[in-house]
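Chemist: Got a structure here, written out as structure tokens. Questions coming.
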Amino acid sequence: MHSTAAFSILATVAAYFALLLIVGRLTSVRHDNDAFFRGNRQSPWYLVAFGMVGASISGVTFVSVPGMVMAIDMTYMQTCMGFVLGYFAVAFVLLPVYYKHNLTTIYSFLKKRLGGRAYKTGASFFILSKATGAAARFYVVCIVLQRFVLDGFGVPFPCTVLAMVALIWLYTRHSGIKTLVWTDTLQTFCMFAALALIIYCVINQLGMTVSEAAKAVADNSKSRIFVFDDPMSKQFFWKQFLSGIFITIVMTGLDQDMMQKNLTCKSLKEAQKDMCSYGFAFLPANLLFLALGILLTVLAARQGIALPQAGDELLPMFAATGRLGQAVVVLFTLGIVAAAFSSADSALTALTTSCCVDLVQKPDDERLRRRVHVAVAIGFVALVLAFRVVNSPSVIDAIYVMCSYTYGPLLGLFAFSLFTKRAVNDKAVPFIAVASPLLCFAADQLTQHFTAYRFGYELLMLNGTLTFLGLLFSGRKRL
């Protein structure tokens, strides 16, 4: 990369961090545990809704989704359609339960309903799932900055990760979730502004108007959205649509990270408005990312540029190398950093909350909370470094496959708690929750070996069903 482009990226990251630190300082006047964990239950719902769009999208979406069109066209939109119904399910099934019990962490509900071991099991699966998924998402941004900028300066990858996580810790350490409601709003604005301006620059490079670009996307062979003719395909509509519903339920409604911000709203009604608002935003947001991917493949063909083998490299190949101009270099950096940090900072806060409230069960100990926050940040660095050994053609696909295994038991635990009145053998719950993913993995391997069928995201539903059945057969009717 040219030194001018590299310095532009570094200057953008530095300026962005400075802005986040200012926001963090302004919002940390009161920084007790109630502010850190629950934002004093004073967050405006519209700020939460807007900020949650950025937190949900993450840096992985910014990098990976445009490149998806190279392999699976625009069929990812089928999953996004399922997301919308999933958000409504969270708003009108789960949120009323959480507000009724005035929960700080959503896994406390499992203790009230099933018992202490079920509670610890649910929290432990969340910590495993969130730490792994957030590290994978953050890894994408770190590796892009490392490859296109910092390698040229001789900066080791561990130093890149350590510095970025340390800066996130710095602006979240005082008021936690209270600060994040405001920083997420800033980050979401920066992300969508960057996306819109990058698309505009690509359209100019193609010499098109906006309407001509829209027609070019619609007429492109990669604009296919629906797959109804091949039930064996991972992209078959009903697989993708139903998986989208359940992915949202578990990765939002059963995820302390995503729900913690919603629980800072003043009332249940405001939280429901927040949830439905940003649920609808997913369709146009992901449509823009996929349209950008098609426009980039058209631009590559016109300029005689070979497409990269990995879809994750399509947007960085153009945007981070100066091919679209220095302005796009800055915008691309701003977009992925904003998207990545809006998910990574909330993950660190949620993991700290769950460790203090669910595992250690000392929600009022501020000194402990500060120590746990530091420990979580150090563990997060270690996970990001470990994730570098994972070799996946699409990181976002790898994350969803992981969530099928780790979030499945949470789906089963909450479904059993909400839709039955049976008690369980609390001692058996951890064994059932561990056995279900193992059985799913065995079923996936055997199916691939003996049949043409390939499991996709529907592994999540199978995993949740096995956990539910295990709890059902081990339980007893409530007296």
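By order of appearance in the structure tokens: chains A, B, ..., then residues from 1 within every chain, and ligands from 1 in the order shown.
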Could you go through segment 234-454 of chain A and tell me which residues DSSP, when run on the backbone, assigns to helix (DSSP H, G or I), listing them as a ChimeraX atom specification?

Modeler: /A:237-253,256-262,268-280,282-303,311-319,326-359,366-387,395-406,408-419,426-450

Chemist: Fewer than 6 positions away in the same chain doesn't count, so skip those; otherwise give me all residues within 10 Å of segment 297-308 of chain A, counting only C-alpha atoms, as a CSV table (one decimal) with C-alpha atoms, in the first residue's frame.

Modeler:
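File produced: result.csv:
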chain,number,residue,atom,x,y,z
A,66,PRO,CA,-20.4,-7.7,-0.2
A,67,GLY,CA,-18.2,-10.7,-1.1
A,69,VAL,CA,-22.3,-12.4,-4.0
A,70,MET,CA,-19.3,-14.1,-5.5
A,202,VAL,CA,-18.1,3.1,-7.0
A,203,ILE,CA,-21.0,4.3,-9.1
A,205,GLN,CA,-16.0,4.9,-11.2
A,206,LEU,CA,-18.5,3.0,-13.3
A,216,ALA,CA,-27.3,-2.9,-13.4
A,217,VAL,CA,-27.5,-4.6,-10.0
A,220,ASN,CA,-26.8,-8.9,-13.0
A,222,LYS,CA,-25.7,-12.5,-9.3
A,314,LEU,CA,-13.4,-8.3,-2.4
A,315,LEU,CA,-14.2,-4.9,-0.7
A,317,MET,CA,-9.1,-5.2,-2.5
A,318,PHE,CA,-10.7,-2.0,-3.9

Chemist: So that I can see what lies close to segment 358-364 of chain A, please list as a PyMOL selection string the residues with an atom at most 9 Å from it, counting only C-alpha atoms and leaving out residues fewer than 4 positions away in the same chain.

Modeler: chain A and resi 32-34+37+105+107-108+119-120+123-124+353-354+368-369

Chemist: Dump C-alpha atoms for the selected residues as an mmCIF file, in the first residue's frame?

Modeler:
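Result saved to part.cif:
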data_model
loop_
_atom_site.group_PDB
_atom_site.id
_atom_site.type_symbol
_atom_site.label_atom_id
_atom_site.label_comp_id
_atom_site.auth_asym_id
_atom_site.auth_seq_id
_atom_site.Cartn_x
_atom_site.Cartn_y
_atom_site.Cartn_z
ATOM 1 C CA ASP A 32 -21.536 2.987 39.528
ATOM 2 C CA ASN A 33 -22.505 -0.612 38.762
ATOM 3 C CA ASP A 34 -26.109 0.311 37.940
ATOM 4 C CA PHE A 37 -24.880 -2.868 33.917
ATOM 5 C CA THR A 105 -28.963 -10.385 33.057
ATOM 6 C CA TYR A 107 -30.048 -15.761 32.417
ATOM 7 C CA SER A 108 -31.363 -14.924 35.884
ATOM 8 C CA TYR A 119 -28.792 -20.669 35.399
ATOM 9 C CA LYS A 120 -25.016 -21.199 35.463
ATOM 10 C CA ALA A 123 -24.643 -18.023 31.420
ATOM 11 C CA SER A 124 -21.647 -20.235 30.631
ATOM 12 C CA THR A 353 -21.787 -8.123 33.374
ATOM 13 C CA SER A 354 -22.489 -11.837 33.029
ATOM 14 C CA LEU A 368 -14.628 -6.681 41.393
ATOM 15 C CA ARG A 369 -16.368 -5.333 38.300
#

Chemist: Got a sec: who's within 7 Å of segment 179-196 of chain A, counting only C-alpha atoms, leaving out chain neighbours fewer than 3 positions off, as JSON, numbers by chain?

Modeler: {"A": [20, 23, 24, 27, 28, 47, 48, 50, 51, 52, 53, 54, 55, 172, 175, 176, 199, 200, 261, 331, 332, 334, 335, 338, 339, 342, 346]}

Chemist: With segment 248-260 of chain A as the partner and 8 Å as the cut-off, tabulate the residues of segment 342-454 of chain A that qualify, each row holding the nearest pair of atoms and their distance in Å to one decimal, using only C-alpha atoms, sorted by chain and rising number, as CSV.

Modeler:
residue,atom,partner,partner_atom,distance
A:Ser346,CA,A:Asp257,CA,6.2
A:Ala347,CA,A:Asp257,CA,5.7
A:Thr349,CA,A:Asp257,CA,7.5
A:Ala350,CA,A:Asp257,CA,4.7
A:Leu351,CA,A:Asp257,CA,7.4
A:Ser354,CA,A:Gln256,CA,7.5
A:Cys403,CA,A:Met251,CA,7.8
A:Tyr407,CA,A:Val250,CA,6.2
A:Gly408,CA,A:Val250,CA,7.8
A:Leu410,CA,A:Leu254,CA,6.9
A:Leu411,CA,A:Val250,CA,6.1
A:Phe414,CA,A:Leu254,CA,7.9

Chemist: Please, what distance in Å, to one decimal, runs between atom CA of Gln240 of chain A and atom CA of Thr447 of chain A?

Modeler: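 Between atom CA of Gln240 of chain A and atom CA of Thr447 of chain A the gap is 18.9 Å.
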
Chemist: List every residue of segment 72-175 of chain A that has an atom at most 12 Å from any atom of segment 464-477 of chain A, and for each one report the closest atom pair and its distance in Å to one decimal, counting only C-alpha atoms, with rows sorted by chain and then by increasing residue number, as a tab-separated table.

Modeler:
residue	atom	partner	partner_atom	distance
A:Leu114	CA	A:Gly475	CA	10.0
A:Ala118	CA	A:Leu471	CA	10.4
A:Gly122	CA	A:Thr467	CA	11.9

Chemist: Write to file, as a PDB file, in the first residue's frame, the residues of the selection just made, with C-alpha atoms.

Modeler:
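Saved to out-v5.pdb:
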ATOM      1  CA  LEU A 114     -35.374 -24.134  36.456  1.00  0.00           C
ATOM      2  CA  ALA A 118     -29.532 -24.340  34.684  1.00  0.00           C
ATOM      3  CA  GLY A 122     -27.069 -20.765  30.376  1.00  0.00           C
TER       4      GLY A 122
END

Chemist: Residues within 6 Å of segment 128-143 of chain A, please, as a PyMOL selection string. Count only C-alpha atoms; anything in the same chain fewer than 2 positions from it doesn't count.

Modeler: chain A and resi 60+125-126+145-147+340+383-384+399+406

Chemist: For a quick check of understanding, using only C-alpha atoms, which of A:Arg371, A:Leu385, A:Asp345, A:Phe416 has the smallest distance to Val165 of chain A?

Modeler: A:Asp345

Chemist: I'd like a table as JSON lines: residues in segment 166-277 of chain A with an atom no more than 7 Å from segment 71-93 of chain A, each row giving the shortest atom pair and its distance in Å to one decimal, only C-alpha atoms counted, sorted by chain and rising residue number.

Modeler:
{"residue": "A:Lys222", "atom": "CA", "partner": "A:Asp73", "partner_atom": "CA", "distance": 4.5}
{"residue": "A:Ser223", "atom": "CA", "partner": "A:Met74", "partner_atom": "CA", "distance": 5.4}
{"residue": "A:Arg224", "atom": "CA", "partner": "A:Met74", "partner_atom": "CA", "distance": 5.5}
{"residue": "A:Ile225", "atom": "CA", "partner": "A:Thr75", "partner_atom": "CA", "distance": 4.2}
{"residue": "A:Phe226", "atom": "CA", "partner": "A:Thr75", "partner_atom": "CA", "distance": 5.9}
{"residue": "A:Gln235", "atom": "CA", "partner": "A:Thr75", "partner_atom": "CA", "distance": 6.5}
{"residue": "A:Phe237", "atom": "CA", "partner": "A:Gln78", "partner_atom": "CA", "distance": 6.2}
{"residue": "A:Gln240", "atom": "CA", "partner": "A:Thr79", "partner_atom": "CA", "distance": 4.7}
{"residue": "A:Phe241", "atom": "CA", "partner": "A:Gly82", "partner_atom": "CA", "distance": 4.5}
{"residue": "A:Leu242", "atom": "CA", "partner": "A:Gly82", "partner_atom": "CA", "distance": 6.0}
{"residue": "A:Ser243", "atom": "CA", "partner": "A:Thr79", "partner_atom": "CA", "distance": 6.7}
{"residue": "A:Gly244", "atom": "CA", "partner": "A:Gly82", "partner_atom": "CA", "distance": 4.2}
{"residue": "A:Ile245", "atom": "CA", "partner": "A:Gly86", "partner_atom": "CA", "distance": 4.2}
{"residue": "A:Phe246", "atom": "CA", "partner": "A:Gly86", "partner_atom": "CA", "distance": 6.4}
{"residue": "A:Thr248", "atom": "CA", "partner": "A:Gly86", "partner_atom": "CA", "distance": 5.1}
{"residue": "A:Ile249", "atom": "CA", "partner": "A:Gly86", "partner_atom": "CA", "distance": 5.5}
{"residue": "A:Gly253", "atom": "CA", "partner": "A:Val90", "partner_atom": "CA", "distance": 5.3}
{"residue": "A:Gln272", "atom": "CA", "partner": "A:Ala91", "partner_atom": "CA", "distance": 5.0}
{"residue": "A:Met275", "atom": "CA", "partner": "A:Ala91", "partner_atom": "CA", "distance": 5.9}
{"residue": "A:Cys276", "atom": "CA", "partner": "A:Phe88", "partner_atom": "CA", "distance": 6.1}

Chemist: Measuring between only C-alpha atoms, which one of A:Trp45, A:Phe36, A:Tyr98, A:Trp169 shows the shortest distance to Phe380 of chain A?

Modeler: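 Nearest to Phe380 of chain A: A:Trp169.
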
Chemist: Please, what distance in Å, to one decimal, runs between atom CA of Ala452 of chain A and atom CA of Phe236 of chain A?

Modeler: 14.1 Å

Chemist: Figure out the distance between atom CA of Ile106 of chain A and atom CA of Val429 of chain A, please, to one decimal in Å.

Modeler: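 Atom CA of Ile106 of chain A lies at a distance of 17.6 Å from atom CA of Val429 of chain A.
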